[in-house]
Structures are given as structure tokens and as C-alpha cells.
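Colleague: One structure follows; several queries about it will come next.
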There are 2 protein chains.
Amino acid sequence: MMKHTLFTPGPTNVPPEVLAALGRPIVHHRAPDFDPVFKTAREGLQYVFRTRNPVVPLTSSGTGGMEAAVTSLLSPGDKAIAIEGGKFGERWGQICKAFGINCVIEKIDWSTSATPELIEKLLRQHPDAKAVLTTHCETSTGALTDIEGIAKVVAGTGAVLVTDAVSSLGAEPLETDKWGVDVVVTGSQKALMLPPGMAFVSVSPKAEAMIQSAKSACYYFSLKKALKSLAENTTPWTGPVSMIVALNAAIELIRKTGLEKIWERHTRCATAIRQGCAALGLPLFSKSPSNVVVALTMPEGVDASKLVKTMRDTFGMTITGGQEHLKGKIIRIAALGFVEEFDVLALIGALEMALLRQGCACEAGSGVGAALKSLNTTMSI
Amino acid sequence: MMKHTLFTPGPTNVPPEVLAALGRPIVHHRAPDFDPVFKTAREGLQYVFRTRNPVVPLTSSGTGGMEAAVTSLLSPGDKAIAIEGGKFGERWGQICKAFGINCVIEKIDWSTSATPELIEKLLRQHPDAKAVLTTHCETSTGALTDIEGIAKVVAGTGAVLVTDAVSSLGAEPLETDKWGVDVVVTGSQKALMLPPGMAFVSVSPKAEAMIQSAKSACYYFSLKKALKSLAENTTPWTGPVSMIVALNAAIELIRKTGLEKIWERHTRCATAIRQGCAALGLPLFSKSPSNVVVALTMPEGVDASKLVKTMRDTFGMTITGGQEHLKGKIIRIAALGFVEEFDVLALIGALEMALLRQGCACEAGSGVGAALKSLNTTMSI
């Protein structure tokens, strides 16, 4: 018997209350008993999205939510701007290409994130762009993008701002309405503490107007259809009833703590991870680090895949390595969703021990010591 | 406290063992512990699909599986033939239209189903058709199509045979390989006894060859990408790990009984429903009735929506009414998935009582009597 904890940027640990909700008997999605369940889900999603706009639930992974945004907003030949600072920024460009959207892809160093100034420049160069496709937290690099600043720049233009917040929503502050983000996409298996299987997409009035006239090839992922059904408190296709029941259980837990407090906890946990890792000689990979996932550059002599394996197989803690060209070069650690401060201590302790077993020169106790020092100053108790 | 049972053609009742599996802690989809889970799922799907071909799991409703088939097989301008004998046959045409496929839509009376002769005639008229899009059980009408016969007709042509078996797979005999059905689509929430949230698509070598050269706009639903990942025992996007764990639990239950025995049980239950309803004066709607869902024409003086309401609210049994132009004209009853013979007796008893409460002239006990008589001859005990 070993206790298993996910310190991954999705899927994340699901609280027992939510797992229990998943196991409830099936409610028929077109029967009246489901009506209040779905209404609660719609309101709960608005709460976590910080929006009064409709939030469309989709049966898909986060990528499906991204495809829904692109194909529902744009028509073939339309121009969009996407920032490629990692694997998920890259995905915007790939989706656009698949559907004939003319996507201006701005490649930036994967250790950085897009700035409002960069977006401003791109919009000046491409005043005909109809959408700016951004990534709030780039899960592959741990970089956070200043969506608030970018929203200010996009607001004055005819373009809509679309943000992939698949890993960040519920973990990092994201003020959909206050900042004016037109379309926010997220997934179930991150800070929302559900299993993978659903995506959620918020739609501003500016985006909705664009959706009404867009002509891309789409059917299942049509946000036009979904918004029409949503107004009738339903979904165009059979919805994942068990997941929606569990979503309500998860959002109830989030509401009990309060979204702001949860954002603070993610900051506190990520800060402690960063401090602990700094003490262990693991430098941060990203120059604009998020609190969703911490990416750490592997020093000479540390075998990243062995580290991930020891953490998982010996200590029961799942962390992840790098993707694409970052494979073997970084590790990624997330205290995302149902993870708390003392779990982070356990994590840093295990990481420290795994590094010591690889012959690292760190002093035993220095990592957990630094993490505790950080938590001691940031925890308000 | 009321016992609730779904007699609907999806979502269906989920067995406690499967509900419990849904509630297990989350396994990371890219960690090695998930490899054997996914391998078991792939093999289990081949068992229920009666195929040695790959079966692609998708995070979507059944409609997503249909879209995956159309967009992965065909290119804009390609010709396809679809039979529209109900709401789901209609859907093939709608998906084709959304993606620029030239779909020849053959409308047939909704109380009938397509015959091999009709398909043969259509293929003669359209020898350039690249796909024949069929519906095994048309859930909106209860009609069953002779896929075995149609497969013989399609086999000698360049077209692939695609079958929507969303509601039928696992309930009606469907011999994917023996009959030679190129692409079979099903959903999780029917005879597979899972909640809604997944679709599954089998792909024959003939279909796979077509997929390699197809050029429709698709990304998330690309079967080309999915088949490539499947060969590496994974999915292109984050898979719904909890559902896959539950799928294995469900298929384990199916294997214990044996698929053929489950087909027989569906036949036995549907026959008992038909006999019971005949005794109650409810004629069958479809001329080629399936064992997946029984559609019954409402006699003069019977209020269909009141009947559905009494069944659900007073007796805890969910049945469904008609869709589109059949609203108010038919009711649909399914003993699909996790429903057994004696549940059918309870169902017919409740239906009988509800009809008596509406002043129907049926003799009390005649419905259950007829159902028991049917079961008495068909149950081998």
C-alpha cells in the first residue's frame, strides 16, 4: 500500500466528495430532475469564471474547447494572431491550420511569455486580425501571461481575445468580465478538481456576435448551437450527467473556501515549491513563472527521467518531465487543485531525498527547510 | 425514498461496480500505471465490437464519434449516401453538410428502415459514393436496420460502410468483422452501462486507408491522429481516465455473462415489453422493431406526456416520449444495458397501472400477464 498523490498539471487529485458524486446513480439528461442540477452547474461555472456571460460545457478534453473557440468564432481565411511560447500556444496555430484560418504565429522563446506590448505591435501590423489567441498558463513551460494587460490592448480593436486557461482557471486570478476576456477555455481535470472529460468555454457578447456570423466547418463543437441550448438550460448532445453532478460537488467545495483564498493557496504552495527547489539548486525555467505549475531546469548530472521515476515509483508522488525539446531538460511540479501546503512539504522532502540518492550535493533538510520557511511567512494562521 | 430506474435508450442505469470504479482515485494518463489500464480497455472494446481492428476511444458524446467518422474518412466534395429514417439518420446528413460533403440523403418513412436492396439501388445510382452512412438502431423510432445484408452489398464497392451503433452495440448482434462493417460508432451510455461522456469508433483496414488520404477540416476528432496514438497505447489528448477505468469494470461484467447471452437477454426483454404492450392495446410503431428500444404508438385518448410523467414521478421509472414530429404520438421504452427480465415485469405493471389511471379499457393484469407469459417461454431456466 502506497499513498499516491498527483503533483501534475492535470489530471489532478479529485477530492473524496467529488469521487463520491461521480458514483451517484445516473439522472436522465432530458428528465426534469436534471434541470436544477444543470442550472446549478451553469451558475457555478459563472462563479469560477468570474463572469456573467454564458459558460458552455462541452464533453471533450481542453483541446476540444480550443477547437470550439476557433471554429465557432472564425471563418476560413479570417486572420488570427497566436503566440507560440510552448506546446499549447503551438496548438492554437495547429487548430487554425486544420480549419483554414490564416493564423499569424508569433514564436517567442519558450522560457518567456507574451507581453501586452508584443500584442499591441502585432495588432498594429495586422489590424484585420479577428482574434488574438493566447495562453494564460503555458502548461509545458510553467509561464504565466499577463492577460489583464493584453485584454486592455485588445479591447479597443475589432478582435476578440481568446484565452486558453485550461490549466490556470481556478488557480491563478482570472477576471473574465473585469479584464474583458471574450472567450476563456478551461478543462475539468485541473483546479476544478474533476477527472478529465469536460471543457468549459465562456462567451462575451462581442464573441457571441462574431459566433453568429462565423462560417467554419463545425458541428459537434458549434458554440452557436451550444449557446442556443444553454439558453434553454440544456445541451445540444447528451451531456455527461455524472461529471456535471460531480462538477457541482467540486464547485460547492470551491465556494466554501472562496475562489480568492484558493488563488492565494496556489500562490503560497507554488512559492514554497520554488523556494524549496532553489535551496536544492534547481533553477526556475520560466522568466515569468506561474503558480499553476513550476518548471525547473535540471542541473548537470541530474537525470530528469530517473528523478520522475523515483518520485513516482518509490515515493508515490507523480511529477512530470518536459515535453518536445524540453524532454530531459526540465521537470514540472504542480500543486494544483486538491493539494495543500503540507502536501508541498512532503513533495519537497521526497524530491530532496531523490536528489540526494542521485548524489546531489544539497544538504539534507535544506529543501524542506526553505519550503517551511516560505510557508511560515505566507500562511496567515 | 423512491427507487429510480431508467428505461430510456441512454443514458442507462450504471451497475454499482461501475459506479464504484468511477470513484477510484485518478491515475495520470501519461504515467506507466495507466498503460495496462488502457491496454485492457482497447482489448475489451475489441471484444464488445467483435473486431480485431483498432477501436478508437473519444471524449465526446456519440455525435462526436459520428463527426469523427465523417471528417476523418471524407474530403469536401466527396459523395456519401445517408439514410434518413429518423432523427439520428438525419444527423449524418447534417454533419456532412457542415463539412462540405456531398451527401445523397435518402428519406424513408420513419416507421421503416433501410433495406440492402435500397442501398444496392443507391450505390448503382451513385457509383462514386465513398461512404454509406447507416443507423443500426434508429433510437428515435426503435427501428433496426439489416446491417449484415447492407454490408454484403457495400463490400464489393469502393465505398466504406459506416454504422451508427450508438444505442445498439452490446444489445443487438453486431458482427463488425464477420459482416465486414468498416466503421462502427458507439457511445458509453447505452448497453456499455457507463455514464455519457465517451464515444468509440472501430476502423477497418479499408477505412484506415481512406483516412490516410482524407482532407476534411478536423483536428480534435482526427481518427488519423487517434489511430497513431492508439498504436502507442495512448490518446492524442488527455483521456477521461475515470471513464476508462469504469469501462474496464463494465466490460468485465459483460464478459462474465458473455456478449451473446446479453444479446439474448435484450431480445427476451424487448419481446416481453412488446407482448405486454400488445395486451395493453399499444401497437408497435416500427415495422422493423429493434430490441434496443421499443416505440409504441399512442392510441386515441392516451396522453403520452402524462403517461411519461406518471411513470417517472409516481412510479420512479423513466421512459421517453417521441422526438420531433413524433412528439406526443409515441412513447419509447428501453430495457437497455443494466436491466433484467423482472425489471421488465415491474415496468409493464407500472405502465398498465398508469394506463388504467387514464381510463384505458385494458383489463388489470393483462399486461403483466402477457409479459410473464412471454418470459416464461423465453427464459431458459
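Here's how to read the names in the C-alpha cells: chain A, B, ... by the order shown, residue numbers from 1 in each chain, ligand numbers from 1 in the order shown.
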For range 42-52 of chain A, find every residue with an atom within 6 Å (counting only C-alpha atoms), except residues of its own chain fewer than 5 positions away, and show them as a ChimeraX atom specification.
Modeller: /A:175-177
Colleague: Just write the chosen residues, N, CA and C atoms, as a PDB file, in the first residue's frame.
Modeller:
ATOM      1  N   GLU A 175      -9.915  37.322 -14.199  1.00  0.00           N
ATOM      2  CA  GLU A 175     -11.147  38.097 -14.061  1.00  0.00           C
ATOM      3  C   GLU A 175     -11.762  38.262 -15.443  1.00  0.00           C
ATOM      4  N   THR A 176     -12.523  37.266 -15.852  1.00  0.00           N
ATOM      5  CA  THR A 176     -13.072  37.239 -17.207  1.00  0.00           C
ATOM      6  C   THR A 176     -13.791  38.543 -17.552  1.00  0.00           C
ATOM      7  N   ASP A 177     -14.720  38.958 -16.717  1.00  0.00           N
ATOM      8  CA  ASP A 177     -15.504  40.161 -17.032  1.00  0.00           C
ATOM      9  C   ASP A 177     -14.743  41.451 -16.737  1.00  0.00           C
TER      10      ASP A 177
END
Colleague: Just need the residues of chain B within 7 Å of chain A, counting only C-alpha atoms, so spit them out as number ranges by chain.
Modeller: B: 11, 13-14, 19-20, 22-26, 28, 59-61, 63-64, 95, 98-99, 195-197, 217-220, 237-242
Colleague: Which distance in Å separates CA of Lys261 in chain A and CA of Ser380 in chain A, to one decimal?
Modeller: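 Computed distance, CA of Lys261 in chain A to CA of Ser380 in chain A, equals 11.1 Å.
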Colleague: Measure the distance from CA of Thr135 in chain B to CA of Gly170 in chain B in Å and round it to one decimal.
Modeller: 14.8 Å
Colleague: Find the residues near range 111-115 of chain A: any atom within 8 Å, counting only C-alpha atoms, skip ones fewer than 4 places away on the same chain, and give them as a short mmCIF file (atom, residue, chain, number, x, y, z; two decimals) with C-alpha atoms, in the first residue's frame.
Modeller:
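Printed below is result.cif as written:
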data_model
loop_
_atom_site.label_atom_id
_atom_site.label_comp_id
_atom_site.auth_asym_id
_atom_site.auth_seq_id
_atom_site.Cartn_x
_atom_site.Cartn_y
_atom_site.Cartn_z
CA ILE A 83 1.56 33.31 -29.61
CA GLY A 85 5.66 30.07 -26.42
CA ILE A 119 0.30 42.02 -28.78
CA THR A 141 6.82 25.68 -19.61
CA ALA A 143 4.98 30.52 -17.91
CA LEU A 144 2.18 32.91 -16.98
CA THR A 145 0.91 35.53 -19.43
CA ASP A 146 -0.36 38.97 -18.42
CA GLY A 149 -2.64 43.78 -19.76
CA ILE A 150 -3.31 42.07 -23.08
CA PHE A 285 12.91 27.51 -16.14
CA SER A 286 10.47 30.32 -16.89
CA LYS A 287 11.21 34.02 -16.59
CA SER A 288 7.52 34.65 -15.86
#
